[in-house]
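Containing compact mmCIF, C-alpha atoms: data15.txt.
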```txt
# COMPACT_ATOMS: atom_id res chain seq x y z
CA MET A 39 0.00 0.00 0.00
CA ARG A 40 1.89 2.88 -1.32
CA ALA A 41 0.46 4.14 -0.16
CA THR A 42 0.31 5.18 3.07
CA ASN A 43 2.59 4.46 5.88
CA GLY A 44 1.46 6.66 8.71
CA GLY A 45 5.02 7.87 9.14
CA ARG A 46 6.16 4.39 10.04
CA ALA A 47 8.02 3.35 6.92
CA PRO A 48 9.29 5.17 3.84
CA VAL A 49 7.44 5.29 0.57
CA ASP A 50 8.58 6.18 -2.91
CA ASP A 51 8.79 9.94 -2.84
CA ALA A 52 7.47 10.44 -6.33
CA ALA A 53 4.26 8.66 -5.41
CA GLY A 54 4.00 10.59 -2.18
CA GLU A 55 4.01 13.89 -4.05
CA ALA A 56 1.28 12.67 -6.37
CA GLY A 57 -0.91 11.83 -3.40
CA GLU A 58 -0.92 15.33 -1.93
CA PRO A 59 -4.25 17.10 -1.31
CA GLY A 60 -6.54 17.20 -4.30
CA GLU A 61 -5.35 14.00 -5.94
CA THR A 62 -8.03 11.32 -6.05
CA GLY A 63 -6.26 8.16 -7.07
CA ALA A 64 -4.28 6.08 -9.50
CA ASP A 65 -5.18 4.45 -12.75
CA PRO A 66 -7.15 1.37 -11.68
CA ALA A 67 -5.30 -0.89 -14.08
CA GLY A 68 -1.83 0.26 -13.14
CA GLY A 69 -1.32 2.43 -16.20
CA HIS A 70 -3.37 0.30 -18.59
CA GLY A 71 -6.87 1.56 -17.92
CA THR A 72 -8.96 4.70 -17.98
CA ALA A 73 -7.76 7.88 -16.31
CA ALA A 74 -10.50 8.02 -13.72
CA GLY A 75 -10.94 4.31 -13.31
CA THR A 76 -14.55 4.34 -14.49
CA PRO A 77 -15.67 1.49 -16.74
CA THR A 78 -17.73 2.29 -19.81
CA ALA A 79 -21.48 1.87 -19.77
CA ASP A 80 -21.44 -1.48 -21.55
CA THR A 81 -19.03 -3.09 -19.09
CA PRO A 82 -20.36 -2.65 -15.55
CA PRO A 83 -18.04 -3.93 -12.81
CA GLY A 84 -20.59 -6.48 -11.71
CA ASN A 85 -20.26 -8.31 -15.03
CA SER A 86 -16.49 -8.58 -14.91
CA ASP A 87 -14.71 -11.91 -14.98
CA ALA A 88 -11.06 -10.97 -15.21
CA THR A 89 -9.20 -13.65 -13.32
CA ALA A 90 -11.25 -16.67 -14.32
CA GLY A 91 -11.39 -15.44 -17.91
CA ARG A 92 -7.62 -15.33 -18.12
CA ARG A 93 -7.32 -18.88 -16.82
CA THR A 94 -9.68 -20.17 -19.51
CA GLN A 95 -8.16 -18.11 -22.29
CA HIS A 96 -4.65 -19.39 -21.64
CA GLY A 97 -5.54 -23.01 -21.18
CA GLY A 98 -5.35 -23.02 -17.40
CA PRO A 99 -7.42 -25.30 -15.17
CA PRO A 100 -11.13 -24.64 -15.00
CA ALA A 101 -12.68 -23.20 -11.89
CA THR A 102 -13.32 -25.68 -9.13
CA GLY A 103 -16.60 -27.50 -9.57
CA ALA A 104 -17.21 -26.38 -13.15
CA ALA A 105 -19.14 -28.83 -15.29
CA PRO A 106 -17.41 -30.21 -18.42
CA GLY A 107 -18.00 -27.98 -21.43
CA THR A 108 -19.15 -25.08 -19.28
CA ASP A 109 -17.65 -21.62 -19.75
CA THR A 110 -15.59 -21.22 -16.60
CA ARG A 111 -15.42 -17.45 -16.81
CA THR A 112 -18.07 -16.99 -14.16
CA ALA A 113 -16.10 -15.52 -11.26
CA VAL A 114 -17.46 -12.06 -10.58
CA HIS A 115 -14.98 -9.45 -9.35
CA ARG A 116 -16.91 -6.36 -8.44
CA ASP A 117 -14.21 -3.72 -8.77
CA THR A 118 -13.14 -1.22 -11.40
CA VAL A 119 -9.95 -3.10 -12.25
CA ALA A 120 -11.90 -6.19 -13.30
CA ALA A 121 -13.96 -4.09 -15.70
CA VAL A 122 -10.85 -2.49 -17.20
CA VAL A 123 -9.17 -5.88 -17.59
CA ARG A 124 -12.24 -7.28 -19.31
CA GLN A 125 -12.18 -4.40 -21.76
CA TRP A 126 -8.52 -5.06 -22.58
CA GLN A 127 -9.24 -8.75 -23.04
CA ALA A 128 -11.86 -7.83 -25.65
CA VAL A 129 -9.39 -5.61 -27.48
CA HIS A 130 -6.35 -7.88 -27.16
CA PRO A 131 -7.59 -11.42 -26.39
CA GLU A 132 -4.15 -12.82 -27.16
CA LEU A 133 -2.48 -10.99 -24.26
CA ASP A 134 -2.19 -12.25 -20.69
CA THR A 135 -3.74 -9.49 -18.61
CA GLY A 136 -2.90 -11.23 -15.35
CA PRO A 137 -0.36 -8.62 -14.22
CA MET A 138 -3.03 -5.92 -14.46
CA GLU A 139 -5.17 -7.88 -12.04
CA VAL A 140 -2.44 -7.69 -9.40
CA ILE A 141 -0.63 -4.41 -10.06
CA GLY A 142 -3.82 -2.58 -10.94
CA ARG A 143 -5.49 -3.60 -7.68
CA ILE A 144 -2.41 -2.71 -5.64
CA ASN A 145 -2.33 0.74 -7.22
CA ARG A 146 -6.07 1.27 -6.86
CA CYS A 147 -6.10 0.18 -3.21
CA ALA A 148 -3.12 2.40 -2.47
CA ALA A 149 -4.77 5.41 -4.05
CA LEU A 150 -8.05 4.94 -2.18
CA LEU A 151 -6.33 4.26 1.13
CA GLN A 152 -4.06 7.26 0.82
CA GLN A 153 -6.93 9.52 -0.12
CA ALA A 154 -8.71 8.68 3.15
CA GLU A 155 -5.57 8.53 5.31
CA ASP A 156 -4.36 11.92 4.11
CA ALA A 157 -7.47 13.62 5.52
CA PRO A 158 -5.94 14.19 8.98
CA LEU A 159 -2.76 15.44 7.31
CA ARG A 160 -4.71 18.01 5.33
CA ARG A 161 -6.40 19.18 8.50
CA ALA A 162 -2.95 19.66 10.04
CA GLY A 163 -1.71 21.48 6.94
CA LEU A 164 0.80 18.76 6.06
CA SER A 165 1.59 16.92 2.86
CA ARG A 166 2.34 13.20 2.90
CA PRO A 167 6.11 13.71 2.25
CA GLU A 168 6.28 16.24 5.09
CA PHE A 169 4.61 13.83 7.47
CA ASP A 170 7.01 11.11 6.40
CA LEU A 171 9.90 13.32 7.54
CA LEU A 172 8.22 13.96 10.88
CA GLY A 173 7.47 10.26 11.24
CA ALA A 174 11.08 9.32 10.55
CA LEU A 175 12.30 11.67 13.27
CA ARG A 176 9.69 10.32 15.69
CA ARG A 177 10.15 6.60 15.12
CA THR A 178 13.96 6.64 15.18
CA GLY A 179 13.93 8.55 18.46
CA HIS A 180 17.13 10.50 17.91
CA GLU A 181 18.56 13.34 15.85
CA LEU A 182 19.03 12.80 12.13
CA THR A 183 20.94 14.69 9.48
CA PRO A 184 19.27 15.74 6.21
CA GLY A 185 21.15 12.88 4.54
CA ASP A 186 19.76 10.42 7.08
CA LEU A 187 16.24 11.69 6.39
CA ALA A 188 16.72 11.37 2.64
CA ARG A 189 17.62 7.70 3.09
CA GLU A 190 14.81 7.06 5.58
CA THR A 191 12.15 8.54 3.32
CA PHE A 192 13.53 7.56 -0.11
CA SER A 193 13.75 11.25 -1.03
CA SER A 194 16.31 13.43 -2.74
CA GLY A 195 18.47 15.77 -0.72
CA ALA A 196 16.96 18.80 -2.43
CA ALA A 197 13.40 17.70 -1.63
CA VAL A 198 14.30 17.05 2.01
CA THR A 199 15.96 20.47 2.34
CA LYS A 200 12.87 22.21 0.98
CA ARG A 201 10.50 20.36 3.29
CA LEU A 202 12.71 20.82 6.34
CA LYS A 203 12.72 24.56 5.75
CA GLN A 204 8.93 24.61 5.80
CA LEU A 205 8.69 22.36 8.86
CA THR A 206 11.29 24.40 10.73
CA GLU A 207 9.45 27.64 9.98
CA ARG A 208 6.29 26.08 11.40
CA GLY A 209 8.08 25.17 14.61
CA LEU A 210 7.73 21.41 14.11
CA VAL A 211 11.44 20.66 13.60
CA GLU A 212 14.50 22.28 15.10
CA ARG A 213 18.05 22.21 13.83
CA ARG A 214 21.35 22.04 15.68
CA GLY A 215 24.69 22.76 14.05
CA ASP A 216 27.55 20.30 14.22
CA THR A 217 30.41 21.52 16.40
CA ARG A 218 32.99 19.88 14.14
CA ASP A 219 31.50 20.62 10.74
CA ARG A 220 29.37 23.70 10.25
CA ARG A 221 28.01 22.28 6.99
CA VAL A 222 26.23 19.48 8.87
CA ALA A 223 22.90 19.97 10.64
CA HIS A 224 21.27 17.69 13.21
CA LEU A 225 17.48 17.71 13.27
CA ARG A 226 14.92 16.68 15.81
CA LEU A 227 11.25 17.21 16.51
CA THR A 228 10.09 20.03 18.72
CA ASP A 229 7.53 19.25 21.40
CA THR A 230 4.88 20.59 19.03
CA GLY A 231 6.09 18.35 16.23
CA ARG A 232 6.14 15.27 18.44
CA ASP A 233 2.62 15.97 19.72
CA LEU A 234 1.37 16.44 16.16
CA VAL A 235 2.74 13.07 15.00
CA ASP A 236 1.45 11.31 18.11
CA GLY A 237 -1.99 12.78 17.53
CA ILE A 238 -2.26 11.78 13.87
CA LEU A 239 -0.81 8.27 13.99
CA PRO A 240 -3.52 6.63 16.17
CA GLU A 241 -6.20 7.98 13.85
CA GLN A 242 -4.48 6.47 10.84
CA LEU A 243 -3.97 3.12 12.59
CA ALA A 244 -7.63 3.01 13.57
CA TYR A 245 -8.63 3.60 9.96
CA GLU A 246 -6.26 0.89 8.70
CA THR A 247 -7.62 -1.56 11.27
CA ALA A 248 -11.17 -0.87 10.13
CA VAL A 249 -10.26 -1.30 6.47
CA LEU A 250 -8.47 -4.60 7.02
CA SER A 251 -11.25 -5.97 9.23
CA VAL A 252 -12.95 -7.30 6.08
CA LEU A 253 -10.12 -9.85 5.86
CA ALA A 254 -9.69 -12.69 8.34
CA PRO A 255 -6.52 -12.46 10.46
CA GLU A 256 -4.93 -15.30 8.51
CA GLY A 257 -5.79 -13.51 5.27
CA GLN A 258 -4.11 -10.36 6.55
CA ASP A 259 -0.99 -12.36 7.44
CA GLU A 260 -0.92 -14.00 4.02
CA LEU A 261 -1.37 -10.69 2.23
CA ALA A 262 1.37 -9.06 4.31
CA GLY A 263 3.73 -11.92 3.49
CA LEU A 264 3.04 -11.78 -0.25
CA LEU A 265 3.47 -8.02 -0.37
CA ALA A 266 6.69 -8.25 1.65
CA GLU A 267 8.05 -10.80 -0.80
CA LEU A 268 7.17 -8.61 -3.79
CA LEU A 269 8.49 -5.43 -2.19
CA GLY A 270 11.73 -7.07 -1.14
CA HIS A 271 12.29 -8.26 -4.70
CA LEU A 272 11.53 -4.85 -6.19
CA GLU A 273 13.75 -3.01 -3.73
CA GLY A 274 16.58 -5.42 -4.35
CA ARG A 275 16.28 -5.09 -8.11
CA THR A 276 15.73 -1.36 -8.49
CA GLY A 277 17.54 0.00 -5.43
CA VAL A 278 16.32 3.09 -3.61
CA LEU A 279 14.12 5.27 -5.75
CA ARG A 280 14.37 8.95 -4.97
CA ALA A 281 12.81 12.09 -6.34
```
Mind turning this structure into structure tokens?
Amino acid sequence: MRATNGGRAPVDDAAGEAGEPGETGADPAGGHGTAAGTPTADTPPGNSDATAGRRTQHGGPPATGAAPGTDTRTAVHRDTVAAVVRQWQAVHPELDTGPMEVIGRINRCAALLQQAEDAPLRRAGLSRPEFDLLGALRRTGHELTPGDLARETFSSGAAVTKRLKQLTERGLVERRGDTRDRRVAHLRLTDTGRDLVDGILPEQLAYETAVLSVLAPEGQDELAGLLAELLGHLEGRTGVLRA
């Protein structure tokens, strides 16, 4: 979930900027669908059959319990990604649209989650990248340099410098010069900054708990494990992405 991390873990900075106030969400098919994620009138989400359709099209096993000779594309996925995938299958039936079904849903979930989770940030006058900086200072529990913060939040040095200036002017972060090297600054939260983070984080965690309550605990564990495996692979292959 790119989305949102509640200041607990870094996210790709480029995505964080895109999720600032006013942005409503990502392409539901991960770059392969419609801009707003809305299916056309002749393909309502309720009639979508993305995953099962792909299995049949590519010679995979039929759905469990399907009668011989029966069209196995009967699984109904009631979300916008399924509708977009079905449209692409009609246009390019020779292509395996399976990746859209995974990446598209990850992107769509991340966009919707971030949209809701950013509400308390907007009330506090913060952007997501700014809160990530505050969260990094809070969760590490000690002073950090701008370079440390860039690594913690997957951000560029220039972006961190700009945000720190704004946060310092607001009295949320304070800076201390290095006695041995005047070019180095050490940063920490002010009392106001710490109280702000501590006030926002429980609200975000409560929202995340409510969202995930639709999944059984074992389902949440399985999903967390699969996402961790995918994320670990991507981070190892692409390295740290910074903006």
Residues near A:Leu227, cut-off 7 Å, all atoms listed in the file, skip fewer than 3 positions along chain, as a PDB file with C-alpha atoms, keeping the file's coordinate frame:
```
ATOM      1  CA  LEU A 175      12.300  11.670  13.270  1.00  0.00           C
ATOM      2  CA  LEU A 210       7.730  21.410  14.110  1.00  0.00           C
ATOM      3  CA  VAL A 211      11.440  20.660  13.600  1.00  0.00           C
ATOM      4  CA  GLU A 212      14.500  22.280  15.100  1.00  0.00           C
ATOM      5  CA  GLY A 231       6.090  18.350  16.230  1.00  0.00           C
ATOM      6  CA  ARG A 232       6.140  15.270  18.440  1.00  0.00           C
TER       7      ARG A 232
END
```
Q: Kindly give the distance, in Å, that separates atom CA of A:Ala154 and atom CA of A:Tyr245, rounded to a single decimal.
A: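 Calculated distance between atom CA of A:Ala154 and atom CA of A:Tyr245 is 8.5 Å.
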(Q) Give me the residues near A:Ala223 as a ChimeraX atom specification, where near means some atom within 9 Å (using all atoms listed in the file) and where sequence neighbours in that chain fewer than 3 positions away do not count. (A) /A:182-184,213-216,219-220
Q | Given only C-alpha atoms as the counted atoms, nearest of A:Leu268, A:Asp117, A:His180, A:Leu225 to A:Cys147 | A |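 Selected residue with least distance to A:Cys147: A:Asp117.
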**Q.** atom CA of A:Gln204 to atom CA of A:Gly237, straight-line distance in Å
**A.**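 Those two atoms sit 19.9 Å apart.
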Q: Grab the atom CA of A:Leu269 to atom CA of A:Asn145 distance for me, in Å with one decimal place.
A: 13.4 Å
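Nearest-residue note for A:Gln125: choosing from A:Leu202, A:Met138, A:Val252, A:Ala157, the minimum distance belongs to A:Met138, counting all atoms listed in the file.
Proximity of A:Thr206, A:Ser193, A:Arg177, A:Ala121 to A:Asp236, computed with only C-alpha atoms, is greatest for A:Arg177.
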